[in-house]
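Student: Data file upload_38.cif (mmCIF, C-alpha atoms and all ligand atoms) is appended below.
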```
data_model
#
loop_
_atom_site.label_atom_id
_atom_site.label_comp_id
_atom_site.auth_asym_id
_atom_site.auth_seq_id
_atom_site.Cartn_x
_atom_site.Cartn_y
_atom_site.Cartn_z
CA MET A 1 4.54 12.09 15.25
CA LEU A 2 2.32 9.93 17.47
CA ILE A 3 -1.42 10.38 17.02
CA LEU A 4 -4.30 9.07 19.13
CA ALA A 5 -7.40 8.93 16.95
CA PHE A 6 -11.09 8.32 17.56
CA GLU A 7 -13.90 7.12 15.32
CA SER A 8 -17.53 6.91 16.50
CA SER A 9 -19.63 8.08 13.54
CA CYS A 10 -21.84 5.00 13.25
CA ASP A 11 -21.78 1.61 14.95
CA GLU A 12 -18.08 1.02 15.65
CA THR A 13 -16.28 2.69 18.54
CA SER A 14 -12.60 2.83 17.70
CA ALA A 15 -9.43 4.25 19.20
CA ALA A 16 -6.05 3.90 17.53
CA VAL A 17 -2.47 5.00 17.98
CA VAL A 18 -0.59 5.64 14.75
CA GLU A 19 2.91 6.87 14.06
CA MET A 20 3.03 9.14 11.04
CA THR A 21 5.86 10.93 9.26
CA ASP A 22 6.12 11.75 5.55
CA SER A 23 7.77 8.38 4.90
CA ARG A 24 6.67 6.16 7.83
CA ARG A 25 3.06 5.15 8.48
CA ILE A 26 2.70 2.65 11.30
CA ILE A 27 -0.43 1.41 13.06
CA LYS A 28 0.65 0.78 16.64
CA SER A 29 -2.86 -0.16 17.77
CA ASN A 30 -6.33 -0.06 16.22
CA ILE A 31 -9.03 -1.18 18.67
CA VAL A 32 -12.52 -1.52 17.22
CA ALA A 33 -15.53 -2.26 19.45
CA SER A 34 -18.31 -3.30 17.10
CA GLN A 35 -21.98 -2.89 18.05
CA ILE A 36 -23.17 -5.08 15.16
CA LYS A 37 -24.62 -7.80 17.39
CA THR A 38 -26.79 -5.26 19.21
CA HIS A 39 -28.12 -3.55 16.08
CA ARG A 40 -28.67 -6.88 14.29
CA LEU A 41 -31.73 -7.43 16.50
CA TYR A 42 -33.34 -4.40 14.81
CA GLY A 43 -32.15 -5.06 11.23
CA GLY A 44 -30.13 -1.83 11.15
CA VAL A 45 -28.37 0.79 13.27
CA VAL A 46 -30.55 2.38 15.98
CA PRO A 47 -28.96 5.82 16.56
CA GLU A 48 -29.93 6.14 20.23
CA ILE A 49 -28.54 2.71 21.08
CA ALA A 50 -25.38 3.49 19.10
CA SER A 51 -24.70 6.67 21.13
CA ARG A 52 -25.16 4.86 24.42
CA ALA A 53 -22.89 1.98 23.37
CA HIS A 54 -20.18 4.46 22.26
CA SER A 55 -20.35 6.15 25.68
CA GLU A 56 -19.95 2.81 27.43
CA ALA A 57 -17.02 1.65 25.27
CA ILE A 58 -14.89 4.70 24.53
CA SER A 59 -12.94 5.07 27.77
CA LYS A 60 -12.01 1.37 27.95
CA ILE A 61 -10.88 1.10 24.33
CA THR A 62 -8.81 4.29 24.64
CA TYR A 63 -6.71 2.81 27.43
CA GLU A 64 -6.54 -0.47 25.49
CA ALA A 65 -5.26 1.39 22.42
CA LEU A 66 -2.57 3.15 24.49
CA ASP A 67 -1.64 -0.12 26.22
CA VAL A 68 -1.34 -2.16 23.03
CA ALA A 69 0.75 0.63 21.46
CA GLY A 70 2.95 0.69 24.57
CA VAL A 71 2.60 4.47 25.04
CA THR A 72 1.00 6.89 27.49
CA LEU A 73 -0.98 10.08 26.90
CA GLY A 74 2.23 11.99 27.59
CA ASP A 75 3.75 10.54 24.37
CA ILE A 76 0.85 11.67 22.16
CA ASP A 77 1.52 14.66 19.85
CA ALA A 78 -2.03 15.14 18.55
CA ILE A 79 -5.55 13.79 19.02
CA GLY A 80 -7.70 13.28 15.92
CA VAL A 81 -11.45 12.74 16.01
CA THR A 82 -14.18 12.19 13.42
CA ASN A 83 -16.59 15.13 13.67
CA THR A 84 -18.53 14.73 10.37
CA PRO A 85 -20.45 13.13 8.66
CA GLY A 86 -22.35 10.50 10.63
CA LEU A 87 -25.03 9.97 13.27
CA ILE A 88 -25.04 13.15 15.31
CA GLY A 89 -25.38 11.54 18.74
CA ALA A 90 -22.69 8.98 17.91
CA LEU A 91 -20.28 11.65 16.62
CA LEU A 92 -20.81 13.78 19.72
CA VAL A 93 -19.60 10.99 22.01
CA GLY A 94 -16.25 10.82 20.20
CA VAL A 95 -15.92 14.59 19.86
CA ASN A 96 -16.64 15.31 23.53
CA PHE A 97 -14.37 12.51 24.75
CA ALA A 98 -11.51 13.65 22.49
CA LYS A 99 -12.04 17.27 23.56
CA SER A 100 -11.79 16.46 27.25
CA LEU A 101 -8.67 14.31 26.79
CA ALA A 102 -7.02 16.96 24.62
CA PHE A 103 -7.70 19.89 26.94
CA ALA A 104 -7.00 18.04 30.19
CA ASN A 105 -3.63 16.91 28.83
CA ASN A 106 -2.75 19.94 26.71
CA ILE A 107 -2.61 17.98 23.45
CA PRO A 108 -3.54 19.61 20.09
CA LEU A 109 -6.99 18.50 18.84
CA VAL A 110 -7.71 17.96 15.13
CA PRO A 111 -11.19 17.38 13.66
CA VAL A 112 -11.24 14.80 10.83
CA ASN A 113 -13.83 14.18 8.12
CA HIS A 114 -14.90 10.51 8.12
CA ILE A 115 -14.82 10.20 4.29
CA LYS A 116 -11.32 11.63 4.14
CA GLY A 117 -10.38 9.08 6.81
CA HIS A 118 -11.67 6.17 4.69
CA VAL A 119 -9.48 7.32 1.79
CA ALA A 120 -6.49 7.85 4.11
CA ALA A 121 -6.62 4.17 5.18
CA ASN A 122 -4.79 3.58 1.90
CA TYR A 123 -1.72 5.55 3.04
CA PHE A 124 -0.79 2.66 5.36
CA ALA A 125 -0.85 0.04 2.62
CA TYR A 126 0.60 2.35 -0.06
CA PRO A 127 3.12 4.73 1.59
CA GLU A 128 4.07 5.97 -1.89
CA LEU A 129 0.46 7.04 -2.64
CA LYS A 130 0.23 10.80 -3.30
CA PRO A 131 -2.65 12.98 -4.54
CA PRO A 132 -3.93 13.86 -7.05
CA PHE A 133 -6.04 10.75 -7.63
CA ILE A 134 -9.66 9.73 -7.98
CA ALA A 135 -11.24 7.91 -5.02
CA LEU A 136 -14.37 5.84 -4.65
CA VAL A 137 -15.77 5.79 -1.12
CA VAL A 138 -18.43 3.09 -0.83
CA SER A 139 -19.91 2.26 2.55
CA GLY A 140 -23.18 1.74 4.38
CA GLY A 141 -23.79 5.49 4.52
CA HIS A 142 -21.85 6.89 1.55
CA THR A 143 -21.19 6.36 -2.12
CA SER A 144 -19.06 9.13 -3.56
CA LEU A 145 -16.58 9.61 -6.38
CA ILE A 146 -14.06 12.12 -5.17
CA SER A 147 -11.29 14.04 -6.84
CA VAL A 148 -8.55 14.12 -4.21
CA ASP A 149 -6.59 17.21 -5.26
CA SER A 150 -4.18 17.25 -2.31
CA TYR A 151 -3.90 15.42 1.03
CA THR A 152 -6.50 17.79 2.46
CA GLU A 153 -8.56 19.09 -0.51
CA TYR A 154 -11.35 16.80 -1.66
CA LYS A 155 -13.99 17.54 -4.30
CA THR A 156 -17.05 15.29 -4.72
CA VAL A 157 -17.54 14.74 -8.47
CA GLY A 158 -20.24 12.04 -8.32
CA HIS A 159 -22.47 10.46 -5.72
CA THR A 160 -25.50 8.29 -5.14
CA ARG A 161 -28.76 10.19 -5.48
CA ASP A 162 -30.51 7.91 -2.96
CA ASP A 163 -29.30 4.75 -1.18
CA ALA A 164 -25.61 4.15 -0.49
CA ALA A 165 -24.14 1.03 -2.09
CA GLY A 166 -23.70 -0.73 1.26
CA GLU A 167 -27.26 0.15 2.24
CA ALA A 168 -28.47 -1.53 -0.99
CA PHE A 169 -26.39 -4.65 -0.24
CA ASP A 170 -27.89 -4.70 3.27
CA LYS A 171 -31.49 -4.20 2.10
CA VAL A 172 -31.29 -6.85 -0.63
CA GLY A 173 -29.63 -9.20 1.85
CA ARG A 174 -32.46 -8.63 4.29
CA VAL A 175 -35.04 -9.58 1.63
CA LEU A 176 -33.01 -12.77 1.09
CA GLY A 177 -33.19 -13.51 4.83
CA LEU A 178 -29.56 -12.73 5.66
CA SER A 179 -28.61 -11.05 8.90
CA TYR A 180 -27.49 -7.41 9.17
CA PRO A 181 -25.08 -6.17 7.92
CA CYS A 182 -25.41 -8.39 4.88
CA GLY A 183 -22.46 -7.25 2.71
CA ALA A 184 -20.03 -10.05 3.50
CA GLU A 185 -22.69 -12.78 3.26
CA MET A 186 -24.01 -11.32 -0.02
CA ASP A 187 -20.44 -11.39 -1.33
CA ALA A 188 -20.07 -15.10 -0.54
CA LEU A 189 -23.58 -16.01 -1.78
CA ALA A 190 -23.04 -14.20 -5.10
CA LYS A 191 -20.08 -16.48 -5.83
CA GLU A 192 -22.45 -19.47 -5.91
CA GLY A 193 -25.07 -17.91 -8.20
CA ASP A 194 -25.52 -17.09 -11.88
CA PRO A 195 -25.03 -13.34 -12.42
CA ASP A 196 -27.09 -13.49 -15.63
CA ALA A 197 -30.06 -15.35 -14.09
CA ILE A 198 -32.18 -12.24 -13.46
CA LYS A 199 -32.31 -9.13 -15.62
CA LEU A 200 -31.98 -6.12 -13.34
CA PRO A 201 -31.59 -2.38 -14.07
CA MET A 202 -28.24 -0.62 -13.87
CA ALA A 203 -27.58 1.67 -10.92
CA ALA A 204 -25.71 4.19 -13.10
CA ILE A 205 -27.68 7.36 -13.91
CA GLY A 206 -27.73 7.93 -17.69
CA GLY A 207 -26.17 11.01 -19.26
CA ASP A 208 -23.07 13.09 -18.76
CA ASN A 209 -22.73 12.77 -14.99
CA LEU A 210 -20.93 10.57 -12.49
CA ASP A 211 -23.97 9.80 -10.33
CA LEU A 212 -25.47 6.50 -9.23
CA SER A 213 -28.88 5.44 -7.92
CA PHE A 214 -29.29 2.18 -6.04
CA SER A 215 -32.92 2.47 -4.98
CA GLY A 216 -34.36 1.42 -8.38
CA LEU A 217 -32.08 -1.62 -8.47
CA LYS A 218 -33.06 -2.54 -4.91
CA THR A 219 -36.79 -2.13 -5.70
CA ALA A 220 -36.41 -4.30 -8.82
CA VAL A 221 -35.03 -7.09 -6.61
CA VAL A 222 -37.88 -6.69 -4.11
CA ASN A 223 -40.45 -6.76 -6.98
CA TYR A 224 -38.81 -9.87 -8.43
CA MET A 225 -39.04 -11.61 -5.06
CA ASN A 226 -42.70 -10.58 -4.56
CA THR A 227 -43.73 -11.70 -8.06
CA ALA A 228 -41.97 -15.05 -7.62
CA SER A 229 -43.68 -15.59 -4.28
CA GLN A 230 -47.14 -14.70 -5.70
CA LYS A 231 -46.59 -17.21 -8.52
CA GLY A 232 -45.36 -19.81 -6.04
CA GLU A 233 -42.01 -20.01 -7.85
CA ASP A 234 -38.79 -21.02 -6.11
CA VAL A 235 -36.22 -18.25 -5.79
CA LYS A 236 -32.55 -19.14 -5.85
CA SER A 237 -31.02 -16.70 -3.37
CA ALA A 238 -27.57 -17.15 -4.86
CA ASP A 239 -28.85 -16.08 -8.32
CA VAL A 240 -30.50 -12.99 -6.82
CA ALA A 241 -27.29 -12.06 -4.96
CA ALA A 242 -25.16 -12.66 -8.05
CA SER A 243 -27.46 -10.71 -10.41
CA PHE A 244 -27.76 -7.78 -7.98
CA THR A 245 -24.01 -7.74 -7.40
CA LYS A 246 -23.30 -7.80 -11.14
CA SER A 247 -25.53 -4.79 -11.74
CA ALA A 248 -24.17 -2.83 -8.76
CA VAL A 249 -20.54 -3.59 -9.61
CA ASN A 250 -20.92 -2.89 -13.34
CA SER A 251 -22.64 0.42 -12.60
CA ILE A 252 -19.87 1.54 -10.24
CA THR A 253 -17.20 0.42 -12.74
CA VAL A 254 -18.85 2.32 -15.62
CA LYS A 255 -18.97 5.56 -13.63
CA LEU A 256 -15.38 5.15 -12.46
CA GLU A 257 -14.23 4.68 -16.07
CA ALA A 258 -16.12 7.85 -16.99
CA ALA A 259 -14.42 9.66 -14.10
CA LEU A 260 -10.98 8.46 -15.23
CA ASP A 261 -11.78 9.66 -18.78
CA LYS A 262 -12.97 13.02 -17.52
CA TYR A 263 -10.19 13.78 -15.05
CA GLY A 264 -7.30 11.80 -16.59
CA TYR A 265 -5.95 10.54 -13.25
CA LYS A 266 -3.69 7.50 -13.42
CA THR A 267 -4.46 6.32 -9.87
CA LEU A 268 -7.76 5.01 -8.49
CA VAL A 269 -8.21 4.58 -4.74
CA LEU A 270 -10.95 2.43 -3.23
CA ALA A 271 -12.24 2.94 0.31
CA GLY A 272 -15.11 2.16 2.71
CA GLY A 273 -16.83 -1.00 3.91
CA VAL A 274 -18.03 -2.07 0.45
CA ALA A 275 -14.42 -1.87 -0.76
CA ALA A 276 -14.18 -5.32 0.85
CA ASN A 277 -16.47 -6.74 -1.85
CA SER A 278 -14.51 -9.32 -3.85
CA HIS A 279 -16.60 -8.84 -7.01
CA LEU A 280 -16.03 -5.08 -6.97
CA ARG A 281 -12.31 -5.54 -6.32
CA GLY A 282 -12.09 -8.04 -9.21
CA SER A 283 -13.97 -5.79 -11.63
CA LEU A 284 -11.85 -2.74 -10.78
CA GLU A 285 -8.64 -4.79 -11.02
CA LYS A 286 -9.57 -5.79 -14.58
CA MET A 287 -10.65 -2.30 -15.60
CA CYS A 288 -7.53 -0.65 -14.16
CA ALA A 289 -5.18 -3.25 -15.71
CA ARG A 290 -6.79 -2.66 -19.12
CA ARG A 291 -6.38 1.12 -18.81
CA GLY A 292 -2.90 1.11 -17.19
CA VAL A 293 -4.28 2.76 -14.04
CA LYS A 294 -2.74 2.03 -10.62
CA LEU A 295 -5.40 0.65 -8.26
CA CYS A 296 -5.07 1.03 -4.49
CA MET A 297 -7.36 -0.99 -2.24
CA PRO A 298 -7.05 -1.04 1.56
CA PRO A 299 -6.57 -4.41 3.28
CA LEU A 300 -9.92 -5.82 4.43
CA SER A 301 -9.09 -4.89 8.04
CA LEU A 302 -8.98 -1.19 7.09
CA CYS A 303 -12.07 -1.10 4.80
CA GLY A 304 -14.65 -0.73 7.59
CA ASP A 305 -14.76 2.10 10.14
CA ASN A 306 -11.64 2.26 12.32
CA GLY A 307 -9.58 4.78 14.25
CA ALA A 308 -6.30 4.23 12.37
CA MET A 309 -7.71 5.72 9.17
CA ILE A 310 -8.75 8.83 11.15
CA GLY A 311 -5.21 8.99 12.57
CA ALA A 312 -3.73 8.92 9.05
CA GLN A 313 -5.87 11.84 7.86
CA CYS A 314 -5.28 13.65 11.17
CA TYR A 315 -1.57 13.80 10.29
CA PHE A 316 -2.19 15.66 7.02
CA GLU A 317 -4.76 18.01 8.57
CA TYR A 318 -2.35 18.74 11.44
CA LYS A 319 0.46 19.53 8.97
CA ASN A 320 -1.97 21.83 7.18
CA GLY A 321 -2.46 23.77 10.43
CA VAL A 322 -5.93 22.49 11.32
CA ARG A 323 -6.61 22.75 15.08
CA ALA A 324 -9.81 22.77 17.11
CA ASP A 325 -10.60 24.51 20.37
CA SER A 326 -13.16 23.57 22.98
CA SER A 327 -15.99 24.90 20.78
CA LEU A 328 -15.51 21.97 18.34
CA ASN A 329 -18.89 20.57 17.29
CA ALA A 330 -20.11 17.52 15.34
CA TYR A 331 -22.08 17.75 12.08
CA ALA A 332 -24.31 15.00 10.66
CA THR A 333 -23.75 16.03 7.03
CA GLY A 334 -20.65 17.30 5.31
CA SER A 335 -20.16 19.49 2.25
CA VAL A 336 -19.41 18.59 -1.41
CA SER A 337 -15.90 20.04 -1.34
CA PHE A 338 -14.13 19.48 1.91
O1 LIG A 401 -17.50 1.78 6.09
P1 LIG A 401 -18.42 0.94 6.91
O2 LIG A 401 -17.82 -0.01 7.92
O3 LIG A 401 -19.45 1.83 7.71
C1 LIG A 401 -20.05 2.96 7.15
O4 LIG A 401 -19.41 4.07 7.20
O5 LIG A 401 -21.16 2.78 6.62
O6 LIG A 401 -19.34 0.12 5.86
C2 LIG A 401 -20.30 -0.82 6.26
C3 LIG A 401 -21.01 -1.32 5.00
C4 LIG A 401 -22.23 -2.20 5.33
O7 LIG A 401 -23.32 -1.75 4.54
C5 LIG A 401 -21.77 -3.59 4.92
O8 LIG A 401 -22.81 -4.45 4.52
C6 LIG A 401 -20.86 -3.25 3.75
O9 LIG A 401 -20.14 -2.12 4.20
N1 LIG A 401 -19.94 -4.36 3.44
C7 LIG A 401 -19.93 -5.00 2.26
C8 LIG A 401 -18.94 -6.02 2.36
N2 LIG A 401 -18.39 -5.96 3.61
C9 LIG A 401 -19.00 -4.91 4.25
N3 LIG A 401 -20.68 -4.82 1.16
C10 LIG A 401 -20.44 -5.64 0.12
N4 LIG A 401 -19.53 -6.64 0.14
C11 LIG A 401 -18.76 -6.86 1.22
N5 LIG A 401 -17.84 -7.85 1.23
ZN ZN A 402 -17.49 4.60 7.19
#
```
Translate the structure described by the file into structure tokens.
Tutor:
Amino acid sequence: MLILAFESSCDETSAAVVEMTDSRRIIKSNIVASQIKTHRLYGGVVPEIASRAHSEAISKITYEALDVAGVTLGDIDAIGVTNTPGLIGALLVGVNFAKSLAFANNIPLVPVNHIKGHVAANYFAYPELKPPFIALVVSGGHTSLISVDSYTEYKTVGHTRDDAAGEAFDKVGRVLGLSYPCGAEMDALAKEGDPDAIKLPMAAIGGDNLDLSFSGLKTAVVNYMNTASQKGEDVKSADVAASFTKSAVNSITVKLEAALDKYGYKTLVLAGGVAANSHLRGSLEKMCARRGVKLCMPPLSLCGDNGAMIGAQCYFEYKNGVRADSSLNAYATGSVSF
């Protein structure tokens, strides 16, 4: 079936056309209009500006997505749209646009959870991938370990108790003078530094749980920078990036190993913007090879927010009978099991 899908939960407006069957998963178009340059001026996403930019972009990118895919609205079998979690004003733009297209053209409308969409990005790269498996969703807004019990049943088994991993990368990057969002630059900088130069705390919460906490690690970096500046000492940015990255990556890896022990899954799926981090990918590759676990990682182009991933999850929700009517709403926060 042909699906037109929308994503507008944060600072990317995206529309995509995907063709999905049980054995074929094809991205026919995946247009992403990024607002990064606008938000960079403020050092982070400004929700009000994001909503306005989504409103300005969504119509144009929809017709671009249909054009690039070589289809018209008449060919579309279902419309999928992210309706949770995310910035409420940003989500509402996508939801209302999708609603009007769906009802004006008599096309079934399917609400899609953004986190499920991130995980579903992997179904394009790994058509053979089937639940159950354990997934790590790491982005600017989320850090969750999820037991994916079926294509549509997700259970959060661990999460960050404060900052998301991507948020921590962005905040540490900002202290180092990098420009928002800092993840990719931090990744490159860390390759040039000594990961053992600075002793930093782990971000894994001690005890029998699968939770993480990045705020202590972030504060330790800020304190290190302040102390060095008070003493007039030179700080090597690359060492800070490498030491922070080592602690963040080791903490995530430790909790994922604990999750694999606890749930016994033989497949680990990585998703979200921070899934692009080369150090994290390398660490998980090693850990999974040692344990004989299959590791799925989306191509870099599908790690960040995009409409195609929403289209992939839309297919499974549609098959499960999920439909929305014109009362469909957006919700800023989602639930633990979804
Ligand atoms: O999934 P995403 O595009 O949007 C959210 O749903 O948040 O993730 C964006 C986040 C940002 O915090 C960005 O700095 C981070 O992903 N990121 C990275 C890398 N590339 C993007 N973090 C670490 N290393 C990277 N290579
Ligand atoms: Zn995301």
Student: Would you pick out the contacts of Leu189 (chain A) at 12 Å or less, using only C-alpha atoms, so that residues sharing its chain but fewer than 4 positions from it are not included, and give the list as a count of residues only?
Tutor: 25
Student: Rank A:Ala121, A:Leu92, A:Tyr265, A:Cys288 by their smallest atom-to-atom distance to Asp149 (chain A), using only C-alpha atoms, and report the top residue only.
Tutor: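 Smallest separation from Asp149 (chain A) among the options: A:Tyr265.
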Student: Can I get the residues close to ligand LIG 401 (chain A) as a ChimeraX atom specification, where close means within 6 Å and we count only C-alpha atoms and all ligand atoms?
Tutor: /A:139-141,166-167,169-170,181-184,187,272-274,276-277,304-305
Student: Give me, as a Markdown table, the closest atom pair and its distance (Å, one decimal) for every residue of chain A within a cut-off of 10 Å of ligand ZN 402 (chain A), counting only C-alpha atoms and all ligand atoms, rows sorted by chain and rising number.
Tutor:
```
| residue | atom | partner | partner_atom | distance |
| --- | --- | --- | --- | --- |
| A:Glu7 | CA | A:ZN402 | ZN | 9.2 |
| A:Ser8 | CA | A:ZN402 | ZN | 9.6 |
| A:Ser9 | CA | A:ZN402 | ZN | 7.6 |
| A:Cys10 | CA | A:ZN402 | ZN | 7.5 |
| A:Asp11 | CA | A:ZN402 | ZN | 9.4 |
| A:Glu12 | CA | A:ZN402 | ZN | 9.2 |
| A:Pro85 | CA | A:ZN402 | ZN | 9.1 |
| A:Gly86 | CA | A:ZN402 | ZN | 8.4 |
| A:His114 | CA | A:ZN402 | ZN | 6.5 |
| A:Ile115 | CA | A:ZN402 | ZN | 6.8 |
| A:Lys116 | CA | A:ZN402 | ZN | 9.8 |
| A:Gly117 | CA | A:ZN402 | ZN | 8.4 |
| A:His118 | CA | A:ZN402 | ZN | 6.5 |
| A:Val137 | CA | A:ZN402 | ZN | 8.6 |
| A:Val138 | CA | A:ZN402 | ZN | 8.2 |
| A:Ser139 | CA | A:ZN402 | ZN | 5.7 |
| A:Gly140 | CA | A:ZN402 | ZN | 7.0 |
| A:Gly141 | CA | A:ZN402 | ZN | 6.9 |
| A:His142 | CA | A:ZN402 | ZN | 7.5 |
| A:Ala271 | CA | A:ZN402 | ZN | 8.8 |
| A:Gly272 | CA | A:ZN402 | ZN | 5.6 |
| A:Gly273 | CA | A:ZN402 | ZN | 6.5 |
| A:Val274 | CA | A:ZN402 | ZN | 9.5 |
| A:Cys303 | CA | A:ZN402 | ZN | 8.2 |
| A:Gly304 | CA | A:ZN402 | ZN | 6.1 |
| A:Asp305 | CA | A:ZN402 | ZN | 4.7 |
| A:Asn306 | CA | A:ZN402 | ZN | 8.1 |
```
Student: Which residue gives the smallest distance to Val222 (chain A) among A:Val235, A:Glu257, A:Leu295, A:Lys286, with only C-alpha atoms counted?
Tutor: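 The answer is A:Val235, which sits nearest to Val222 (chain A).
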Student: Would you compute the distance between CA of Lys28 (chain A) and CA of Pro127 (chain A)? Give it in Å to one decimal.
Tutor: 15.8 Å
Student: Which residue out of A:Phe97, A:Glu192, A:Asp162, A:Leu129 has the minimum interatomic distance to Asp211 (chain A) when all atoms listed in the file are used?
Tutor: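 Residue with the minimum atom-to-atom distance to Asp211 (chain A): A:Asp162.
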Student: At a cut-off of 12 Å, using all atoms listed in the file, what residues contact Gly89 (chain A)? Leave out same-chain residues fewer than 3 positions from it and give the result as number ranges by chain.
Tutor: A: 8-11, 46-55, 83-86, 92-96, 329-332
Student: Just to confirm, what's the straight-line distance from CA of Thr267 (chain A) to CA of Ala308 (chain A) in Å (one decimal)?
Tutor: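 Computed distance, CA of Thr267 (chain A) to CA of Ala308 (chain A), equals 22.4 Å.
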Student: Could you give me, as a list in words, the residues within 12 Å of Ala102 (chain A), counting all atoms listed in the file and dropping anything in the same chain fewer than 4 positions from it?
Tutor: Ile3, Leu4, Ala5, Phe6, Leu73, Gly74, Ile76, Asp77, Ala78, Ile79, Gly80, Val81, Gly94, Val95, Asn96, Phe97, Ala98, Asn106, Ile107, Pro108, Leu109, Val110, Pro111, Arg323, Ala324, Asp325, Ser326 and Leu328 of chain A
Student: Find the residues around Leu41 (chain A) up to 9 Å (all atoms listed in the file counted), leave out those fewer than 4 positions away in its own chain, and share them as number ranges by chain.
Tutor: A: 36-37, 179-180
Student: Could you pull the residues within 8 Å of Val221 (chain A), counting all atoms listed in the file, minus those fewer than 3 positions along the same chain, as a list of chain:residue names?
Tutor: A:Val172, A:Leu200, A:Leu217, A:Lys218, A:Tyr224, A:Met225, A:Val240, A:Phe244
Student: When you draw a straight line from CA of Asn226 (chain A) to CA of Arg174 (chain A), how long is it in Å?
Tutor: 13.7 Å
Student: Which residue, A:Thr82, A:Ser150, A:Ser215, A:Thr156, has the smallest gap to Ala168 (chain A) when you use all atoms listed in the file?
Tutor: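 The answer is A:Ser215, which sits nearest to Ala168 (chain A).
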Student: Choose the residue, out of A:Lys60, A:Lys266, A:Lys319, A:His39, that has the smallest atom-to-atom separation from Arg291 (chain A); count all atoms listed in the file.
Tutor: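 The answer is A:Lys266, which sits nearest to Arg291 (chain A).
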Student: Which residue gives the smallest distance to Asp75 (chain A) among A:Val269, A:Val18, A:Leu91, A:Gly44, with all atoms listed in the file counted?
Tutor: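 Closest residue, counting all atoms listed in the file: A:Val18.
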